[in-house]
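Asker: Can you keep this structure in mind? I'll have questions shortly.
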Amino acid sequence: MHADARSPIGVFDSGVGGLSVLEALREALPHERFVYYADTAHAPYGERGDAYVLARTLAVANDLVEGRGVKALVVACNTATAAAIHELRALWPGLPIVGVEPALKPAVAASRGRIAVLATRGTLASAKFRRLQETAAPRAQVVAVPCDGLADAIERADAGEIDALCARYMQAAGPFGAGAGETDTVVLGCTHYPFATGVLRRHAPASVRFLDTGAPVSLRTRQLLAEAGLLAGPGAAGGIELTGSGDLPALEAAARRWLAPAPGAQASKDTDPAQRVTPQALPAA
Ligand code: DGL
């Protein structure tokens, strides 16, 4: 299918996590139309192994690129990026494709002590993460914390389980402080985790910084679209279409909860502002 500047941008994740990236994309690119694909029927990806994640990523990307004719693809999932970004670029060499990776480079620039990377087991075990660590942080003290179950608990909005898992993983990420060998920076290396930042923060001093990747990913997407002459015109009405392999009403409810209402956002039609929380906090958690 031929894509042009009026075509939508495809964004995908194993589930609701990529909404944290979509929010930043929409802010940086208000005139664009987005198709957000949540592969909920096959989530979580993080503990399933590379072959599974690669197969799912190729299937979803094929749906977005060939089926819906997107003009760019944002892989809003660290686990899928680590497992499949090279294959995606080889399959669609002319298509702007943006992946996400844990914000280790900005963490190294900001940290004076130890850096904790919270991510899925798949991301942390990947060759891509090993290379990132070797190039971005060869001398930094980095503690990698695989957060089994956390993306799944966020997916199910299970406040009790989110609380328990955040407590356990922040314990592994510490001790926190500004002294030698203490953690002063926490990298959220999974796009689900920004929705639990409020809970994670409760387990660390206020001075600890939390980094995610939404903003840099949206800037990179804008840059690639500009270079390709594919930016939507300033008169274009932006919007969001939600789709996926799972329960659409549940995805719409998550989008209402986590995305700021915006004109054209299908899932925001009947947003009740009282129901909405910022991406930094989960309800009742
Ligand atoms: N949101 C994803 C990531 O950034 C994947 C979470 C999962 O499905 O395990 O890694």
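Labeling convention for the structure tokens: chains A, B, ... as they appear, residues from 1 per chain, ligands from 1 in order of appearance.
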Show which residues sit within 9 Å of Ser245 (chain A), as a ChimeraX atom specification. Count only C-alpha atoms, and ignore same-chain residues fewer than 4 positions away.

Answerer: /A:37-42

Asker: Which residues come within 8 Å of region 144-151 of chain A, counting only C-alpha atoms, excluding same-chain residues fewer than 3 positions away, as JSON, numbers by chain?

Answerer: {"A": [17, 44, 46, 47, 116, 117, 118, 119, 120, 121, 124, 154, 155, 162, 165, 166, 169, 172, 173, 190, 192, 193]}

Asker: Quick check for you: according to DSSP on this backbone, which residues of region 29-240 of chain A are classed as alpha helix (DSSP H)? Reply as a PyMOL selection string.

Answerer: chain A and resi 50-62+78-91+104-110+121-125+127-136+150-155+159-173+197-201+214-227

Asker: Got a sec to tell me which of region 132-238 of chain A DSSP assigns to strand (DSSP E or B), as a PyMOL selection string?

Answerer: chain A and resi 141-146+176+183-188+209-211

Asker: Choose the residue, out of A:Asp50, A:Glu227, A:Glu32, A:Asp13, that has the smallest atom-to-atom separation from Val74 (chain A); count only C-alpha atoms.

Answerer: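 When distances to Val74 (chain A) are compared using only C-alpha atoms, the smallest one comes from A:Asp13.
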
Asker: Write out as a ChimeraX atom specification the residues lying within 7 Å of Gly10 (chain A), counting only C-alpha atoms and excluding same-chain residues fewer than 3 positions away.

Answerer: /A:34-36,64,70,72-74

Asker: Selection from above, all heavy atoms, as a short mmCIF file (atom, residue, chain, number, x, y, z; two decimals), in the first residue's frame, can you write it?

Answerer:
data_model
loop_
_atom_site.label_atom_id
_atom_site.label_comp_id
_atom_site.auth_asym_id
_atom_site.auth_seq_id
_atom_site.Cartn_x
_atom_site.Cartn_y
_atom_site.Cartn_z
N PHE A 34 -2.50 8.72 14.19
CA PHE A 34 -1.78 7.55 14.70
C PHE A 34 -2.72 6.34 14.71
O PHE A 34 -3.89 6.46 15.06
CB PHE A 34 -1.30 7.79 16.14
CG PHE A 34 -0.30 8.92 16.26
CD1 PHE A 34 -0.73 10.20 16.59
CD2 PHE A 34 1.05 8.71 16.02
CE1 PHE A 34 0.17 11.25 16.68
CE2 PHE A 34 1.96 9.76 16.12
CZ PHE A 34 1.52 11.03 16.45
N VAL A 35 -2.16 5.19 14.34
CA VAL A 35 -2.87 3.93 14.57
C VAL A 35 -2.08 3.20 15.65
O VAL A 35 -0.91 2.86 15.44
CB VAL A 35 -2.91 3.03 13.32
CG1 VAL A 35 -3.72 1.76 13.63
CG2 VAL A 35 -3.52 3.75 12.14
N TYR A 36 -2.70 3.00 16.79
CA TYR A 36 -2.02 2.33 17.91
C TYR A 36 -2.49 0.87 17.97
O TYR A 36 -3.68 0.61 18.13
CB TYR A 36 -2.33 3.04 19.23
CG TYR A 36 -1.60 2.41 20.40
CD1 TYR A 36 -0.32 2.82 20.73
CD2 TYR A 36 -2.18 1.37 21.14
CE1 TYR A 36 0.38 2.22 21.78
CE2 TYR A 36 -1.49 0.77 22.18
CZ TYR A 36 -0.22 1.20 22.50
OH TYR A 36 0.48 0.61 23.53
N LEU A 64 0.29 -3.37 10.13
CA LEU A 64 0.31 -1.90 10.08
C LEU A 64 0.84 -1.38 8.75
O LEU A 64 0.30 -0.44 8.17
CB LEU A 64 1.16 -1.35 11.24
CG LEU A 64 0.53 -1.50 12.64
CD1 LEU A 64 1.56 -1.20 13.73
CD2 LEU A 64 -0.67 -0.57 12.79
N VAL A 70 0.75 2.46 6.83
CA VAL A 70 1.33 3.54 7.64
C VAL A 70 2.58 4.10 6.95
O VAL A 70 3.25 3.41 6.21
CB VAL A 70 1.68 3.06 9.08
CG1 VAL A 70 0.42 2.60 9.82
CG2 VAL A 70 2.74 1.95 9.08
N ALA A 72 5.11 5.50 8.69
CA ALA A 72 6.25 5.30 9.60
C ALA A 72 5.80 4.33 10.69
O ALA A 72 4.60 4.19 10.94
CB ALA A 72 6.67 6.62 10.24
N LEU A 73 6.77 3.69 11.31
CA LEU A 73 6.45 2.70 12.33
C LEU A 73 7.25 3.03 13.60
O LEU A 73 8.47 3.19 13.54
CB LEU A 73 6.85 1.31 11.82
CG LEU A 73 6.47 0.11 12.66
CD1 LEU A 73 4.95 -0.02 12.80
CD2 LEU A 73 7.04 -1.17 12.04
N VAL A 74 6.53 3.16 14.72
CA VAL A 74 7.21 3.36 16.00
C VAL A 74 7.01 2.09 16.83
O VAL A 74 5.87 1.74 17.16
CB VAL A 74 6.65 4.59 16.75
CG1 VAL A 74 7.35 4.75 18.10
CG2 VAL A 74 6.81 5.85 15.91
#

Asker: Which residue, A:Gly113, A:Gly233, A:Ile9, A:Val16, has the smallest gap to Asp247 (chain A) when you use only C-alpha atoms?

Answerer: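 The closest residue to Asp247 (chain A) is A:Val16.
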
Asker: Using only C-alpha atoms, which protein or nucleic acid residues come within 10 Å of Pro106 (chain A)? Drop anything in the same chain fewer than 2 positions from it, and give the result as a PyMOL selection string.

Answerer: chain A and resi 102-104+108-111+136+187+211-213

Asker: Please save N, CA, C and O atoms of the selected residues as a PDB file, in the first residue's frame.

Answerer:
ATOM      1  N   PRO A 102      16.334   1.463  26.476  1.00  0.00           N
ATOM      2  CA  PRO A 102      16.453   2.094  27.790  1.00  0.00           C
ATOM      3  C   PRO A 102      17.338   3.343  27.713  1.00  0.00           C
ATOM      4  O   PRO A 102      18.346   3.353  27.012  1.00  0.00           O
ATOM      5  N   ALA A 103      16.940   4.397  28.430  1.00  0.00           N
ATOM      6  CA  ALA A 103      17.601   5.708  28.336  1.00  0.00           C
ATOM      7  C   ALA A 103      18.935   5.726  29.078  1.00  0.00           C
ATOM      8  O   ALA A 103      19.180   6.551  29.964  1.00  0.00           O
ATOM      9  N   LEU A 104      19.816   4.820  28.664  1.00  0.00           N
ATOM     10  CA  LEU A 104      21.099   4.690  29.364  1.00  0.00           C
ATOM     11  C   LEU A 104      22.028   5.871  29.068  1.00  0.00           C
ATOM     12  O   LEU A 104      22.762   6.332  29.948  1.00  0.00           O
ATOM     13  N   VAL A 108      23.688   8.198  31.933  1.00  0.00           N
ATOM     14  CA  VAL A 108      25.134   8.343  32.170  1.00  0.00           C
ATOM     15  C   VAL A 108      25.499   9.825  32.248  1.00  0.00           C
ATOM     16  O   VAL A 108      26.291  10.243  33.098  1.00  0.00           O
ATOM     17  N   ALA A 109      24.880  10.641  31.383  1.00  0.00           N
ATOM     18  CA  ALA A 109      25.171  12.077  31.402  1.00  0.00           C
ATOM     19  C   ALA A 109      24.725  12.716  32.715  1.00  0.00           C
ATOM     20  O   ALA A 109      25.360  13.649  33.205  1.00  0.00           O
ATOM     21  N   ALA A 110      23.642  12.210  33.315  1.00  0.00           N
ATOM     22  CA  ALA A 110      23.076  12.862  34.498  1.00  0.00           C
ATOM     23  C   ALA A 110      23.596  12.285  35.816  1.00  0.00           C
ATOM     24  O   ALA A 110      23.675  12.995  36.818  1.00  0.00           O
ATOM     25  N   SER A 111      23.963  11.023  35.817  1.00  0.00           N
ATOM     26  CA  SER A 111      24.252  10.342  37.087  1.00  0.00           C
ATOM     27  C   SER A 111      25.661  10.643  37.606  1.00  0.00           C
ATOM     28  O   SER A 111      26.611  10.761  36.838  1.00  0.00           O
ATOM     29  N   ALA A 136      27.423   2.978  25.582  1.00  0.00           N
ATOM     30  CA  ALA A 136      26.955   4.176  26.292  1.00  0.00           C
ATOM     31  C   ALA A 136      27.490   4.258  27.715  1.00  0.00           C
ATOM     32  O   ALA A 136      27.620   5.346  28.263  1.00  0.00           O
ATOM     33  N   VAL A 187      16.348   4.107  35.334  1.00  0.00           N
ATOM     34  CA  VAL A 187      15.920   4.119  33.936  1.00  0.00           C
ATOM     35  C   VAL A 187      14.720   3.187  33.791  1.00  0.00           C
ATOM     36  O   VAL A 187      14.802   2.012  34.154  1.00  0.00           O
ATOM     37  N   LEU A 211      14.015   8.196  34.439  1.00  0.00           N
ATOM     38  CA  LEU A 211      14.091   8.556  33.018  1.00  0.00           C
ATOM     39  C   LEU A 211      13.307   7.571  32.163  1.00  0.00           C
ATOM     40  O   LEU A 211      13.423   6.359  32.338  1.00  0.00           O
ATOM     41  N   ASP A 212      12.520   8.121  31.236  1.00  0.00           N
ATOM     42  CA  ASP A 212      11.898   7.238  30.237  1.00  0.00           C
ATOM     43  C   ASP A 212      12.228   7.760  28.844  1.00  0.00           C
ATOM     44  O   ASP A 212      13.008   8.693  28.691  1.00  0.00           O
ATOM     45  N   THR A 213      11.614   7.152  27.825  1.00  0.00           N
ATOM     46  CA  THR A 213      12.090   7.435  26.466  1.00  0.00           C
ATOM     47  C   THR A 213      11.058   8.094  25.564  1.00  0.00           C
ATOM     48  O   THR A 213      11.318   8.259  24.372  1.00  0.00           O
TER      49      THR A 213
END
